[in-house]
Amino acid sequence: MLVLAACGSTADQQTAEAGAGGVKTDKGVTDTTITLGVMGDNTGVFKNLGAGLNAGNQLWADDVNAAGGICGRQIELEIVDHGYKADTAKTLYPQLEPKVLGMVQLLGSPVLAALKQNLIDDQVLAAPASWSSEVLNNPSIMMIGTTYDLEIVNGLAYLQQQGLLADGDTIGHIYIDGEYGGNGLKGSQYYAEQHGLTVREAKITSTDNDLTGIVTGLRGEGIKVLVLTTTPGQSASALAANQALGLNVPVLGNNPTFDPALLDSPAAGALGNLYVAASSPPFSSKTPKAVEVATEYKQKYPSAPINAGVHTGYVEGMVWQAVLEKACESGDLSRAGVATALTTLTSVKTDDLVTELDYSSPGSPPTRGVYIAKVDPAAEGGLTEVAPLFTAPEAAGYKAPYQQ
Amino acid sequence: MSDTLVKPTSPPAGAPPARRRNRLAIAGGAVLLLVLVLLPVLIGNEVAYLKVAQYILIGAVGGIGLTLLVGQAGQLSLAHPFFLLVGAVSYAVISGEAEAGLVGLGLPPVVGLVGAVLISGLFGLAFAPVAGRLRGIYLGVASLSLVFLGLWLGQSLESLTGGTSSGRTPPNFELLGFVFANSQPAPTILGIAIQKQQRLWYLFLVLAVVAYLLARGAVRSRIGRAWRAVRDNEAAATAMGVNVTRVKAGAFVVSSAYAGLAGVMTALWLDLVKPDENEFTGNYSLTVAIAFLAIVIIGGLGSVPGAVFGAIVVYGLQQFFLLGANEFGWFADAQFGGLTAVVLSAFVYGAAVVLVVLFEPGGAAAIGRRLLARRTNTTDSRTDTAVPAASGGRERSPERNDDDPRA
């Protein structure tokens, strides 16, 4: 249904023109440039991560342009800041939309929800900086990497492989009510079904600060593993309680549960139990491409905060590059052409920044692999890789909400 | 009846100057309305600015509702976001289709809009027993609890609200077969295609004008006099035959209905009804409660035109700065913190509140009244006197704007 609606809109009404090299173009593309939008967060709750993401996008654009651009055109980024507010984003969108071909970064699930219909109407392809599989019913969303539910499935599988979890155990899952938390919880529920685990769920809101009471309750339930789909501050509270109460179980968190700033917080000593499952590598990763990006970042932004956003931003660009190159090959850099190009991509390689991506089945996450990292104060960015790119057998069998 | 109590002495110089001023006011109003009607043409293809203008109207409708309650009826309320949420959800439920676990009655959007306003009013009525028993800051705190109730209900009643994950899409507004969405071909005005955003602008403008006129009417009529009588002295009001409990409840109902309308407008503006994930950020959060209070204070307590001005400052400024920042490259070097459009606009509106409270407690309305009086009638002694105090009531307080009955 939605796919059909999307195909019928902009492209039919606007006559795409043939530009340089006989390539069809409409919005955001000239004979010399391709303009992509960034709707990020420089002032809101995710401003640290947002700065990293923006820098990653920019590094990618600089690299591409230095190598001669794509389709004979230079990449330009049009960056706006919505401060993680849906109403602001709603106003900024109509100003940005006519100038860009698509969006290399669209941060925040409330923003994504508010712009969903706009993206479909205008056929704007967007790479979200938010990884819920609940948004995959939108054909304009190009997910980069895997989703929160699969991060948890893979993470639990890893813990079980390490002997930290056994069939039939009880696990606790603390999650924020909302798209992020709800999606993470789906992962535990699925894994629990596969392995006869019992999941004790604890729902919180994103502003709850003290999770001691909840962790105490979960200790009473005899949990063997604690799963977190929370904010970094909440992770710190849960980890501190985990240690202080003598529970000391391994803790598994989604990508956003950790922020290097926690290493300077009072909970620093209790962070050691945290395993983070994420589709992009930690900042300190030994993956060659990750090392290259990290070096480049430190050169270009010497005093900027270090976090995983840099690699994520860079890999967003790399996937866009694959799409644009494909569209260029077919001689159609219009929005419709780009949307079509995306669905023909079955194996996008990103030098292992994320696992190979397959965009041929809309509704399904394009990849299912994650990096597992553990907190390590000595490592740059505070995380050190404990398993290279890793896809659990259970993850392959998981059916995402909109998977067909 | 209570006319004699609060009606000020009639203008001194007799009819002619008053009529001239009246004619001026009418001409001014007509020009303003013409500009607003032609706004989509003036703005042209820069739809983003139209989006800001729509947003200001949402703030204006909600702000008018709150200024009636706080300024005219003297009841402090922080519950506005709750009624916004009620309005938005009611519209989606009444007019939306039932799908995938969502309740939807599928009735025409007009019914949804009117129904949402009525339901919000009823919720206001349900809170009236509390509002009738508490005053001042106590009422403010009690009303605050409704915001938390809204947060909890929004999260729990997923079949109505769509849940905090993805929310639900409200149906496009529709009137007599005319849909407020994009269409091919679209009608044009002076060469500008009237698409979804332009149509929404006209819808919002009509709603805001109706809301404005109704509020002005209420303020100048017996209802408004009763509100002010109750506000200034409940005992005196009772002695004058005003049913205090009923008037207080009425003010809350009216204010909630206005907020409900603003809620429907929010849903249409965002194309989304989605309860907040926490109490501090979002469209129905504490931030919004504070924003509405700022609108009322900056505009001047009790002043209906003042609320519109306040909405321009509070709802318009930040968005306008952001658009300007991108268009003209202001603050371009603020990548890792520093002064950005968001920070600057927060300063501006914070400063506006502080300056108003310090130097002109009557807000923009008092300033406007003074300017107007200086221009039209320099001999008028009642320059900044909104209304004389009711005899036996409280001292005339400078922060009150009773929407000068002279006009």
# chains A, B, ... in the order shown; residues from 1 in each chain; ligands from 1
$ closest_atom_pairs --of "chain A" --to "chain B" --cutoff "8 Å" --atoms "only C-alpha atoms" --output "CSV"
residue,atom,partner,partner_atom,distance
A:Asn42,CA,B:Gly337,CA,6.8
A:Thr43,CA,B:Gly337,CA,7.0
A:Ala51,CA,B:Phe336,CA,6.3
A:Val80,CA,B:Asn326,CA,6.8
A:Gly83,CA,B:Val342,CA,7.6
A:Lys85,CA,B:Gly282,CA,7.2
A:Ala86,CA,B:Gly282,CA,7.7
A:Asp87,CA,B:Leu270,CA,7.1
A:Thr88,CA,B:Gln319,CA,6.4
A:Lys90,CA,B:Leu270,CA,6.8
A:Thr91,CA,B:Ala48,CA,5.5
A:Leu92,CA,B:Ala48,CA,6.4
A:Tyr93,CA,B:Ala48,CA,7.3
A:Pro94,CA,B:Ala48,CA,5.0
A:Gln95,CA,B:Ala48,CA,5.2
A:Ala113,CA,B:Ser166,CA,6.1
A:Ala114,CA,B:Leu272,CA,6.0
A:Gln117,CA,B:Asp271,CA,7.5
A:Glu134,CA,B:Ser166,CA,7.8
A:Asp177,CA,B:Glu277,CA,6.6
A:Gly178,CA,B:Ser165,CA,4.3
A:Glu179,CA,B:Ser165,CA,3.7
A:Tyr180,CA,B:Ser165,CA,7.5
A:Gly182,CA,B:Ser165,CA,7.2
A:Thr205,CA,B:Asn278,CA,5.7
A:Ser206,CA,B:Asn278,CA,5.9
A:Thr207,CA,B:Asn278,CA,6.2
A:Ala304,CA,B:Phe336,CA,7.2
$ select_by_dssp --residues "range 59-189 of chain B" --states "helix (DSSP H, G or I)" --output "ChimeraX atom specification"
/B:59-72,80-95,109-133,136-156,158-161,163-166
$ write_last_selection --atoms "C-alpha atoms" --output "short mmCIF file (atom, residue, chain, number, x, y, z; two decimals), in the first residue's frame"
data_model
loop_
_atom_site.label_atom_id
_atom_site.label_comp_id
_atom_site.auth_asym_id
_atom_site.auth_seq_id
_atom_site.Cartn_x
_atom_site.Cartn_y
_atom_site.Cartn_z
CA GLY B 59 -0.33 29.44 20.51
CA ALA B 60 -2.81 32.28 20.11
CA VAL B 61 -5.91 30.09 20.48
CA GLY B 62 -4.48 28.28 23.50
CA GLY B 63 -3.17 31.54 24.94
CA ILE B 64 -6.53 33.28 24.64
CA GLY B 65 -8.12 30.39 26.52
CA LEU B 66 -5.59 30.66 29.31
CA THR B 67 -5.69 34.45 29.58
CA LEU B 68 -9.45 34.29 30.09
CA LEU B 69 -8.95 31.85 32.93
CA VAL B 70 -5.89 33.37 34.57
CA GLY B 71 -6.37 37.04 33.80
CA GLN B 72 -10.11 37.47 33.73
CA HIS B 80 -3.33 23.52 29.56
CA PRO B 81 -1.17 20.78 27.96
CA PHE B 82 -3.50 18.13 29.35
CA PHE B 83 -6.49 19.68 27.60
CA LEU B 84 -4.44 20.02 24.42
CA LEU B 85 -3.80 16.29 24.60
CA VAL B 86 -7.48 15.57 25.24
CA GLY B 87 -8.44 17.68 22.22
CA ALA B 88 -5.88 16.08 19.91
CA VAL B 89 -6.73 12.52 20.94
CA SER B 90 -10.49 13.16 20.81
CA TYR B 91 -10.22 14.43 17.26
CA ALA B 92 -8.20 11.39 16.18
CA VAL B 93 -10.59 8.99 17.89
CA ILE B 94 -13.82 10.57 16.63
CA SER B 95 -12.72 11.10 13.04
CA PRO B 109 -13.72 15.65 10.70
CA VAL B 110 -16.03 18.58 11.45
CA VAL B 111 -17.78 16.40 14.01
CA GLY B 112 -14.36 15.42 15.30
CA LEU B 113 -13.33 19.04 15.71
CA VAL B 114 -16.50 20.13 17.46
CA GLY B 115 -16.57 16.93 19.50
CA ALA B 116 -12.96 17.41 20.59
CA VAL B 117 -13.74 20.93 21.78
CA LEU B 118 -16.81 19.71 23.68
CA ILE B 119 -14.99 16.78 25.26
CA SER B 120 -12.14 19.04 26.38
CA GLY B 121 -14.72 21.36 27.91
CA LEU B 122 -16.30 18.43 29.75
CA PHE B 123 -12.91 17.39 31.12
CA GLY B 124 -12.57 20.98 32.31
CA LEU B 125 -15.94 20.69 33.99
CA ALA B 126 -14.85 17.50 35.71
CA PHE B 127 -11.93 19.42 37.20
CA ALA B 128 -14.17 22.33 38.22
CA PRO B 129 -14.95 21.01 41.74
CA VAL B 130 -11.22 21.15 42.47
CA ALA B 131 -10.83 24.53 40.79
CA GLY B 132 -13.73 25.91 42.81
CA ARG B 133 -12.14 25.01 46.13
CA GLY B 136 -3.79 30.94 43.51
CA ILE B 137 -0.68 28.83 43.67
CA TYR B 138 -2.57 25.93 45.27
CA LEU B 139 -4.80 25.70 42.25
CA GLY B 140 -1.72 25.96 40.03
CA VAL B 141 -0.12 22.96 41.70
CA ALA B 142 -3.35 20.97 41.71
CA SER B 143 -3.84 21.64 38.01
CA LEU B 144 -0.26 20.58 37.37
CA SER B 145 -1.25 17.08 38.39
CA LEU B 146 -3.37 16.89 35.27
CA VAL B 147 -0.23 17.08 33.12
CA PHE B 148 1.11 13.99 34.88
CA LEU B 149 -2.27 12.30 34.56
CA GLY B 150 -2.15 13.07 30.83
CA LEU B 151 1.32 11.54 30.57
CA TRP B 152 0.15 8.35 32.26
CA LEU B 153 -3.13 8.07 30.36
CA GLY B 154 -1.38 8.78 27.07
CA GLN B 155 0.99 5.89 27.71
CA SER B 156 -1.61 3.45 29.00
CA GLU B 158 -2.71 2.94 23.51
CA SER B 159 -5.88 2.05 21.66
CA LEU B 160 -6.90 5.72 21.81
CA THR B 161 -3.60 7.59 21.66
CA GLY B 163 1.02 4.91 22.20
CA THR B 164 4.28 6.71 22.72
CA SER B 165 6.14 4.66 20.10
CA SER B 166 4.57 5.79 16.89
#
$ residues_around --residues "Ala311 in chain B" --least-positions-apart "2" --cutoff "6 Å" --atoms "only C-alpha atoms" --output "list in words"
Ile56, Gly59, Ala60, Ile295, Val308, Phe309, Val313, Val314 and Tyr315 of chain B
$ write_last_selection --atoms "N, CA and C atoms" --output "mmCIF file, in the first residue's frame"
data_model
loop_
_atom_site.group_PDB
_atom_site.id
_atom_site.type_symbol
_atom_site.label_atom_id
_atom_site.label_comp_id
_atom_site.auth_asym_id
_atom_site.auth_seq_id
_atom_site.Cartn_x
_atom_site.Cartn_y
_atom_site.Cartn_z
ATOM 1 N N ILE B 56 1.939 29.925 15.298
ATOM 2 C CA ILE B 56 1.601 31.068 16.143
ATOM 3 C C ILE B 56 0.100 31.069 16.448
ATOM 4 N N GLY B 59 -0.668 28.789 19.245
ATOM 5 C CA GLY B 59 -0.330 29.444 20.506
ATOM 6 C C GLY B 59 -1.362 30.502 20.867
ATOM 7 N N ALA B 60 -1.862 31.211 19.850
ATOM 8 C CA ALA B 60 -2.815 32.284 20.114
ATOM 9 C C ALA B 60 -4.129 31.718 20.661
ATOM 10 N N ILE B 295 3.144 33.192 27.464
ATOM 11 C CA ILE B 295 2.321 33.915 26.477
ATOM 12 C C ILE B 295 1.406 34.895 27.192
ATOM 13 N N VAL B 308 -2.461 37.072 21.780
ATOM 14 C CA VAL B 308 -2.011 36.865 20.398
ATOM 15 C C VAL B 308 -0.571 37.365 20.255
ATOM 16 N N PHE B 309 -0.295 38.537 20.843
ATOM 17 C CA PHE B 309 1.066 39.063 20.794
ATOM 18 C C PHE B 309 2.030 38.106 21.500
ATOM 19 N N VAL B 313 5.567 36.072 20.213
ATOM 20 C CA VAL B 313 6.885 36.063 20.858
ATOM 21 C C VAL B 313 7.305 34.640 21.220
ATOM 22 N N VAL B 314 6.409 33.925 21.897
ATOM 23 C CA VAL B 314 6.804 32.631 22.459
ATOM 24 C C VAL B 314 6.788 31.516 21.411
ATOM 25 N N TYR B 315 5.736 31.471 20.606
ATOM 26 C CA TYR B 315 5.621 30.376 19.637
ATOM 27 C C TYR B 315 6.318 30.705 18.313
#
$ residues_around --residues "Pro260 in chain A" --least-positions-apart "6" --cutoff "9 Å" --atoms "only C-alpha atoms" --output "ChimeraX atom specification"
/A:305-307,377,380-383
$ residues_around --residues "Asn137 in chain A" --least-positions-apart "5" --cutoff "12 Å" --atoms "only C-alpha atoms" --output "list in words"
Met1, Leu2, Val3, Ala6, Ala113, Lys116, Gln117, Ile120, Ser132, Met142, Met143, Ser361, Pro362, Gly363, Ser364, Pro365, Ala400, Pro401, Tyr402, Gln403 and Gln404 of chain A; Ser166 of chain B
$ residues_around --residues "Gly350 in chain B" --least-positions-apart "5" --cutoff "9 Å" --atoms "only C-alpha atoms" --output "list in words"
Ala294, Ser345 and Leu355 of chain B
$ select_by_dssp --residues "range 99-283 of chain A" --states "strand (DSSP E)" --output "mmCIF file with N, CA and C atoms, in the first residue's frame"
data_model
loop_
_atom_site.group_PDB
_atom_site.id
_atom_site.type_symbol
_atom_site.label_atom_id
_atom_site.label_comp_id
_atom_site.auth_asym_id
_atom_site.auth_seq_id
_atom_site.Cartn_x
_atom_site.Cartn_y
_atom_site.Cartn_z
ATOM 1 N N GLY A 102 18.007 14.028 -0.597
ATOM 2 C CA GLY A 102 17.554 13.137 0.462
ATOM 3 C C GLY A 102 18.243 13.547 1.739
ATOM 4 N N MET A 103 18.079 12.731 2.785
ATOM 5 C CA MET A 103 18.704 13.091 4.055
ATOM 6 C C MET A 103 19.713 12.040 4.477
ATOM 7 N N VAL A 104 20.916 12.499 4.713
ATOM 8 C CA VAL A 104 21.976 11.573 5.106
ATOM 9 C C VAL A 104 21.869 11.279 6.590
ATOM 10 N N GLN A 105 21.167 12.164 7.320
ATOM 11 C CA GLN A 105 20.937 11.889 8.745
ATOM 12 C C GLN A 105 19.642 12.562 9.196
ATOM 13 N N LEU A 106 18.786 11.789 9.846
ATOM 14 C CA LEU A 106 17.554 12.331 10.425
ATOM 15 C C LEU A 106 17.501 11.799 11.839
ATOM 16 N N LEU A 107 17.792 12.655 12.814
ATOM 17 C CA LEU A 107 17.975 12.179 14.184
ATOM 18 C C LEU A 107 16.687 12.250 14.990
ATOM 19 N N ALA A 126 15.568 8.960 3.598
ATOM 20 C CA ALA A 126 16.276 9.457 4.776
ATOM 21 C C ALA A 126 16.920 8.317 5.541
ATOM 22 N N ALA A 127 18.158 8.556 5.994
ATOM 23 C CA ALA A 127 18.832 7.597 6.866
ATOM 24 C C ALA A 127 18.598 8.055 8.299
ATOM 25 N N PRO A 128 17.840 7.300 9.099
ATOM 26 C CA PRO A 128 17.520 7.766 10.444
ATOM 27 C C PRO A 128 18.672 7.506 11.412
ATOM 28 N N ALA A 129 18.892 8.433 12.346
ATOM 29 C CA ALA A 129 19.811 8.159 13.447
ATOM 30 C C ALA A 129 18.945 7.720 14.625
ATOM 31 N N THR A 170 16.050 -16.594 34.494
ATOM 32 C CA THR A 170 15.219 -15.400 34.524
ATOM 33 C C THR A 170 16.105 -14.199 34.212
ATOM 34 N N ILE A 171 15.620 -13.321 33.339
ATOM 35 C CA ILE A 171 16.368 -12.085 33.087
ATOM 36 C C ILE A 171 15.469 -10.885 33.372
ATOM 37 N N GLY A 172 16.088 -9.746 33.686
ATOM 38 C CA GLY A 172 15.324 -8.517 33.894
ATOM 39 C C GLY A 172 15.544 -7.594 32.707
ATOM 40 N N HIS A 173 14.518 -6.853 32.342
ATOM 41 C CA HIS A 173 14.691 -5.875 31.255
ATOM 42 C C HIS A 173 14.068 -4.542 31.686
ATOM 43 N N ILE A 174 14.897 -3.527 31.845
ATOM 44 C CA ILE A 174 14.403 -2.186 32.170
ATOM 45 C C ILE A 174 14.383 -1.399 30.875
ATOM 46 N N TYR A 175 13.222 -0.849 30.525
ATOM 47 C CA TYR A 175 13.123 -0.138 29.252
ATOM 48 C C TYR A 175 12.297 1.125 29.386
ATOM 49 N N ILE A 176 12.625 2.106 28.549
ATOM 50 C CA ILE A 176 11.886 3.360 28.521
ATOM 51 C C ILE A 176 10.642 3.186 27.677
ATOM 52 N N THR A 198 12.576 -16.511 31.386
ATOM 53 C CA THR A 198 11.491 -15.689 31.900
ATOM 54 C C THR A 198 11.986 -14.246 31.919
ATOM 55 N N VAL A 199 11.201 -13.327 31.334
ATOM 56 C CA VAL A 199 11.611 -11.920 31.315
ATOM 57 C C VAL A 199 10.802 -11.141 32.335
ATOM 58 N N ARG A 200 11.497 -10.499 33.268
ATOM 59 C CA ARG A 200 10.827 -9.571 34.190
ATOM 60 C C ARG A 200 10.962 -8.173 33.602
ATOM 61 N N GLU A 201 9.831 -7.602 33.190
ATOM 62 C CA GLU A 201 9.886 -6.302 32.515
ATOM 63 C C GLU A 201 9.664 -5.162 33.497
ATOM 64 N N ALA A 202 10.417 -4.095 33.354
ATOM 65 C CA ALA A 202 10.212 -2.899 34.169
ATOM 66 C C ALA A 202 10.172 -1.693 33.249
ATOM 67 N N LYS A 203 8.994 -1.054 33.173
ATOM 68 C CA LYS A 203 8.831 0.088 32.276
ATOM 69 C C LYS A 203 9.108 1.373 33.056
ATOM 70 N N ILE A 204 9.919 2.267 32.480
ATOM 71 C CA ILE A 204 10.189 3.557 33.121
ATOM 72 C C ILE A 204 10.003 4.669 32.087
ATOM 73 N N VAL A 225 20.710 -12.088 34.202
ATOM 74 C CA VAL A 225 21.224 -11.041 33.324
ATOM 75 C C VAL A 225 20.253 -9.863 33.391
ATOM 76 N N LEU A 226 20.812 -8.662 33.379
ATOM 77 C CA LEU A 226 19.970 -7.470 33.342
ATOM 78 C C LEU A 226 20.117 -6.816 31.973
ATOM 79 N N VAL A 227 18.989 -6.571 31.307
ATOM 80 C CA VAL A 227 19.030 -5.912 30.003
ATOM 81 C C VAL A 227 18.534 -4.481 30.168
ATOM 82 N N LEU A 228 19.222 -3.549 29.524
ATOM 83 C CA LEU A 228 18.844 -2.142 29.613
ATOM 84 C C LEU A 228 18.546 -1.566 28.235
ATOM 85 N N THR A 229 17.402 -0.902 28.119
ATOM 86 C CA THR A 229 17.147 -0.074 26.945
ATOM 87 C C THR A 229 16.771 1.289 27.533
ATOM 88 N N VAL A 251 25.372 -7.126 32.528
ATOM 89 C CA VAL A 251 24.335 -6.219 32.056
ATOM 90 C C VAL A 251 24.520 -6.010 30.563
ATOM 91 N N LEU A 252 23.412 -6.140 29.823
ATOM 92 C CA LEU A 252 23.474 -5.947 28.375
ATOM 93 C C LEU A 252 22.711 -4.682 28.018
ATOM 94 N N GLY A 253 23.327 -3.814 27.216
ATOM 95 C CA GLY A 253 22.637 -2.576 26.847
ATOM 96 C C GLY A 253 22.609 -2.358 25.354
ATOM 97 N N ASN A 254 21.593 -1.634 24.897
ATOM 98 C CA ASN A 254 21.551 -1.200 23.495
ATOM 99 C C ASN A 254 22.614 -0.138 23.262
ATOM 100 N N LEU A 274 28.960 -3.830 32.058
ATOM 101 C CA LEU A 274 28.101 -3.491 30.912
ATOM 102 C C LEU A 274 28.661 -3.963 29.581
ATOM 103 N N TYR A 275 27.862 -4.769 28.883
ATOM 104 C CA TYR A 275 28.155 -5.140 27.503
ATOM 105 C C TYR A 275 27.238 -4.322 26.605
ATOM 106 N N VAL A 276 27.781 -3.736 25.555
ATOM 107 C CA VAL A 276 26.962 -2.931 24.652
ATOM 108 C C VAL A 276 26.918 -3.615 23.290
ATOM 109 N N ALA A 277 25.702 -3.826 22.805
ATOM 110 C CA ALA A 277 25.528 -4.412 21.472
ATOM 111 C C ALA A 277 25.118 -3.303 20.520
ATOM 112 N N ALA A 278 25.918 -3.092 19.481
ATOM 113 C CA ALA A 278 25.639 -1.979 18.574
ATOM 114 C C ALA A 278 26.010 -2.362 17.158
#
$ atom_distance --atom1 "CA of Thr25 in chain A" --atom2 "CA of Leu96 in chain A"
17.5 Å
$ closest_residue --among "B:Leu176, B:Ala79, B:Val304, B:Val242" --to "Gly363 in chain B" --atoms "only C-alpha atoms"
B:Val304
$ atom_distance --atom1 "CA of Trp320 in chain A" --atom2 "CA of Val38 in chain A"
12.5 Å
$ residues_around --residues "Leu389 in chain A" --least-positions-apart "5" --cutoff "9 Å" --atoms "only C-alpha atoms" --output "list in words"
Ser279, Ser280, Pro281, Asp352, Leu353, Val354, Thr355, Gly369, Val370, Tyr371 and Ile372 of chain A
$ atom_distance --atom1 "CA of Gly300 in chain B" --atom2 "CA of Leu32 in chain B"
21.0 Å
